[in-house]
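Input: a single structure, listed below in structure tokens.
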Amino acid sequence: MNMLLTCVRMEWKKLRRSRLWLVMAAVPLLPAFMGTGNYLNNLGILKSEWYSLWTQLSLFYANFFYGPLIALYCSYIWRVEHLNHNWNSLMTMPVPVRNVFLGKLFPALVCTFLLQGWMGVLLIVCGKYAGLSGMPSAQILLWLLRGTAGGMVIASLQLLLSMVIRSFAAPIALALLGSVVGLFASNAGCGLLWPYSLMLEGMNANRSEDMVSSGADFAAGVLCFLLLFVTMGVLILKKRDVRTGG
């Protein structure tokens with residue numbers, strides 16, 4: 001456990017020196033602005049107040065921003081290894097390889113949680129700006145939490161992709177593509193079989209009625225994908241060539 005905490009602390013040091021948090025805070029303002037504008041321009045048909053506002057914010061945020069933002073974070077986590085070619089240093093650290101991967105994954109999971117929390121704050125701010133009374137319902141808060149669980153799956157997958165793909169931008173593009181495909185998969189009724197769909201369905205993106213018919217099936221999907229991607233990440237990292245960096 002102490003070794004894992006050491007790895008986590010090393011990753012946090014990288015983040016403290018970066019301006020990544022400013023990007024993570026600023027980018028969600030775009031879907032909040034776009035969704036609120038959509039809501040205010042369609043008040044004639046969007047009559048469910050907080051639920052209607054959530055459908056508009058989540059339409060843009062879940063489909064086009066949340067996945068790529070997580071991917072951006074994961075690409076940055078591996079950027080030092082790819083740019084400085086310090087795989088030798090990484091792989092010869094006196095810690096188990098699984099702790100190296102998990103040490104990078106934990107801050108990524110925290111990132112997914114903070115992004116959802118920030119979106120919850122923006123939902124309230126946008127709702128008050130739009131003149132809505134009261135506060136969002138507990139059901140919408142549940143959707144945010146479920147979206148966080150789906151975001152953790154994306155974080156584990158994107159961390160894996162960013163580890164094996166040297167390009168900084170390519171994994172981010174794949175996250176955007178995966179989210180768009182996830183929308184089609186959800187509409188086709190097979191969302192639990194596509195990792196990016198779990199995030200969309202968890203957040204109930206662009207829907208006022210709950211897309212998740214079985215919480216147990218959703219939780220099982222999240223757990224299975226999370227274990228799959230973490231296991232793949234650790235196994236691939238174990239096979240990296242220490243001399244060449246893969």
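Here's how to read the names in the structure tokens: chain A, B, ... by the order shown, residue numbers from 1 in each chain, ligand numbers from 1 in the order shown.
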key: Secondary structure check, alpha helix (DSSP H) residues of chain A, as a PyMOL selection string   = chain A and resi 2-16+20-26+29-41+50-60+66-84+87-91+97-129+138-164+170-187+195-202+215-238
Any chance you could tabulate, as a tab-separated table, the residues of segment 21-62 of chain A at most 9 Å from segment 208-227 of chain A with each one's nearest atom pair and distance in Å to one decimal, using only C-alpha atoms, in chain and rising number order?
residue	atom	partner	partner_atom	distance
A:Ser48	CA	A:Ser208	CA	8.4
A:Tyr51	CA	A:Ser208	CA	5.8
A:Ser52	CA	A:Ser208	CA	6.8
A:Trp54	CA	A:Ser208	CA	8.0
A:Thr55	CA	A:Ser208	CA	6.4
key: Non-local contacts of segment 154-164 of chain A (8 Å; only C-alpha atoms; under 4 positions in same chain excluded) as a PyMOL selection string   = chain A and resi 67+70-71+74-75+78+104-105+108-109+112+150+168+171+175+195-196+199+226+229-230+232-233
Atoms kept (C-alpha atoms) for selection, written as an mmCIF file, in the first residue's frame:
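Below is the file part.cif, written as the result:
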data_model
loop_
_atom_site.group_PDB
_atom_site.id
_atom_site.type_symbol
_atom_site.label_atom_id
_atom_site.label_comp_id
_atom_site.auth_asym_id
_atom_site.auth_seq_id
_atom_site.Cartn_x
_atom_site.Cartn_y
_atom_site.Cartn_z
ATOM 1 C CA GLY A 67 -14.940 11.480 -22.580
ATOM 2 C CA ILE A 70 -10.853 12.356 -19.384
ATOM 3 C CA ALA A 71 -8.736 11.335 -22.381
ATOM 4 C CA CYS A 74 -4.841 10.436 -19.349
ATOM 5 C CA SER A 75 -2.709 11.565 -22.306
ATOM 6 C CA TRP A 78 1.752 9.461 -19.940
ATOM 7 C CA LYS A 104 -1.634 6.777 -12.630
ATOM 8 C CA LEU A 105 -5.220 5.500 -12.634
ATOM 9 C CA ALA A 108 -7.596 9.888 -13.304
ATOM 10 C CA LEU A 109 -10.495 8.511 -11.278
ATOM 11 C CA THR A 112 -13.734 12.009 -13.337
ATOM 12 C CA GLY A 150 -19.140 5.243 -16.271
ATOM 13 C CA PHE A 168 -0.936 12.958 -27.385
ATOM 14 C CA PRO A 171 -6.375 8.932 -27.762
ATOM 15 C CA ALA A 175 -12.510 9.170 -26.955
ATOM 16 C CA PRO A 195 -17.690 1.171 -22.517
ATOM 17 C CA TYR A 196 -18.405 4.737 -23.626
ATOM 18 C CA MET A 199 -21.088 6.960 -19.202
ATOM 19 C CA LEU A 226 -12.954 -1.621 -15.220
ATOM 20 C CA PHE A 229 -8.931 -2.550 -18.781
ATOM 21 C CA VAL A 230 -6.905 -2.429 -15.570
ATOM 22 C CA MET A 232 -4.868 -5.384 -19.678
ATOM 23 C CA GLY A 233 -2.962 -2.256 -18.687
#
key: atom CA of Arg98 of chain A to atom CA of Leu235 of chain A, distance in Å rounded to a single decimal   =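 Taking atom CA of Arg98 of chain A as the start and atom CA of Leu235 of chain A as the end point, the length is 8.4 Å.
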query = A:Val234, A:Leu69, A:Ala205, A:Leu114: which is nearest Ala169 of chain A, counting only C-alpha atoms?
reply =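 Going through A:Val234, A:Leu69, A:Ala205, A:Leu114 one by one, the smallest distance to Ala169 of chain A is for A:Leu69.
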ask   = Closest to Trp12 of chain A among A:Val121, A:Cys111, A:Val153, A:Ala185, using only C-alpha atoms?
value = A:Cys111
key: Nearest-residue call for Gln139 of chain A, choices A:Gly44, A:Val27, A:Ile236, A:Asn204, using only C-alpha atoms   = A:Asn204
key: Counting only C-alpha atoms, the option among A:Met119, A:Cys190, A:Val97, A:Ser167 closest to Leu144 of chain A   =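 Looking only at the distances to Leu144 of chain A, the closest residue turns out to be A:Met119.
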query = Quick one: distance from atom CA of Ile124 of chain A to atom CA of Tyr73 of chain A in Å, one decimal?
reply = 25.2 Å
query = Can you tell me, as a count of residues only, what residues are no more than 10 Å from Asn2 of chain A when counting only C-alpha atoms, ignoring any on the same chain fewer than 3 positions away?
reply = 6
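For the pair atom CA of Leu83 of chain A and atom CA of Gly103 of chain A, the separation is 19.3 Å.
When the distance limit is 9 Å and only C-alpha atoms are what count, the residues near Leu123 of chain A, minus those fewer than 4 positions from it on the same chain, are A:Ala32, A:Thr36, A:Trp50, A:Leu53, A:Trp54, A:Leu57, A:Trp118, A:Met119, A:Gly127, A:Lys128, A:Pro136.
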Export, as a CSV table (one decimal), in the first residue's frame, the selected residues with N, CA and C atoms.
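Saved file again.csv follows:
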chain,number,residue,atom,x,y,z
A,32,ALA,N,-22.2,23.8,-20.9
A,32,ALA,CA,-23.1,24.5,-20.0
A,32,ALA,C,-23.8,25.7,-20.7
A,36,THR,N,-27.7,25.5,-22.0
A,36,THR,CA,-28.6,26.5,-21.4
A,36,THR,C,-29.2,27.4,-22.5
A,50,TRP,N,-36.0,21.5,-14.4
A,50,TRP,CA,-34.6,21.0,-14.1
A,50,TRP,C,-34.3,19.8,-15.0
A,53,LEU,N,-33.6,21.0,-18.5
A,53,LEU,CA,-32.3,21.7,-18.6
A,53,LEU,C,-31.2,20.6,-18.6
A,54,TRP,N,-31.4,19.6,-17.8
A,54,TRP,CA,-30.4,18.5,-17.7
A,54,TRP,C,-30.3,17.8,-19.1
A,57,LEU,N,-28.0,20.1,-21.2
A,57,LEU,CA,-26.6,20.2,-20.8
A,57,LEU,C,-25.9,18.9,-21.0
A,118,TRP,N,-18.1,19.4,-10.8
A,118,TRP,CA,-18.1,20.8,-11.4
A,118,TRP,C,-19.4,20.9,-12.3
A,119,MET,N,-19.7,19.9,-13.0
A,119,MET,CA,-20.9,19.9,-13.9
A,119,MET,C,-22.2,20.1,-13.0
A,127,GLY,N,-29.3,26.7,-14.0
A,127,GLY,CA,-30.7,26.7,-13.7
A,127,GLY,C,-31.2,28.0,-13.1
A,128,LYS,N,-30.4,28.5,-12.2
A,128,LYS,CA,-30.8,29.8,-11.6
A,128,LYS,C,-30.8,30.9,-12.6
A,136,PRO,N,-32.0,21.0,-8.3
A,136,PRO,CA,-32.2,19.8,-9.0
A,136,PRO,C,-32.6,18.6,-8.1
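Residues lying within 7 Å of Arg146 of chain A, counting only C-alpha atoms and ignoring same-chain neighbours fewer than 4 positions away, are Leu142, Gly150, Gly202 and Met203 of chain A.
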Those residues with N, CA, C and O atoms, as a tab-separated table (two decimals), in the first residue's frame please?
chain	number	residue	atom	x	y	z
A	142	LEU	N	-28.26	11.49	-8.74
A	142	LEU	CA	-27.94	10.08	-8.92
A	142	LEU	C	-27.37	9.85	-10.32
A	142	LEU	O	-26.40	9.10	-10.49
A	150	GLY	N	-19.44	5.48	-14.86
A	150	GLY	CA	-19.14	5.24	-16.27
A	150	GLY	C	-17.87	5.94	-16.70
A	150	GLY	O	-17.10	5.42	-17.52
A	202	GLY	N	-25.36	6.17	-17.84
A	202	GLY	CA	-25.31	6.51	-16.43
A	202	GLY	C	-25.79	7.92	-16.16
A	202	GLY	O	-26.53	8.18	-15.21
A	203	MET	N	-25.41	8.86	-17.02
A	203	MET	CA	-25.83	10.25	-16.87
A	203	MET	C	-27.22	10.51	-17.44
A	203	MET	O	-27.72	11.61	-17.34
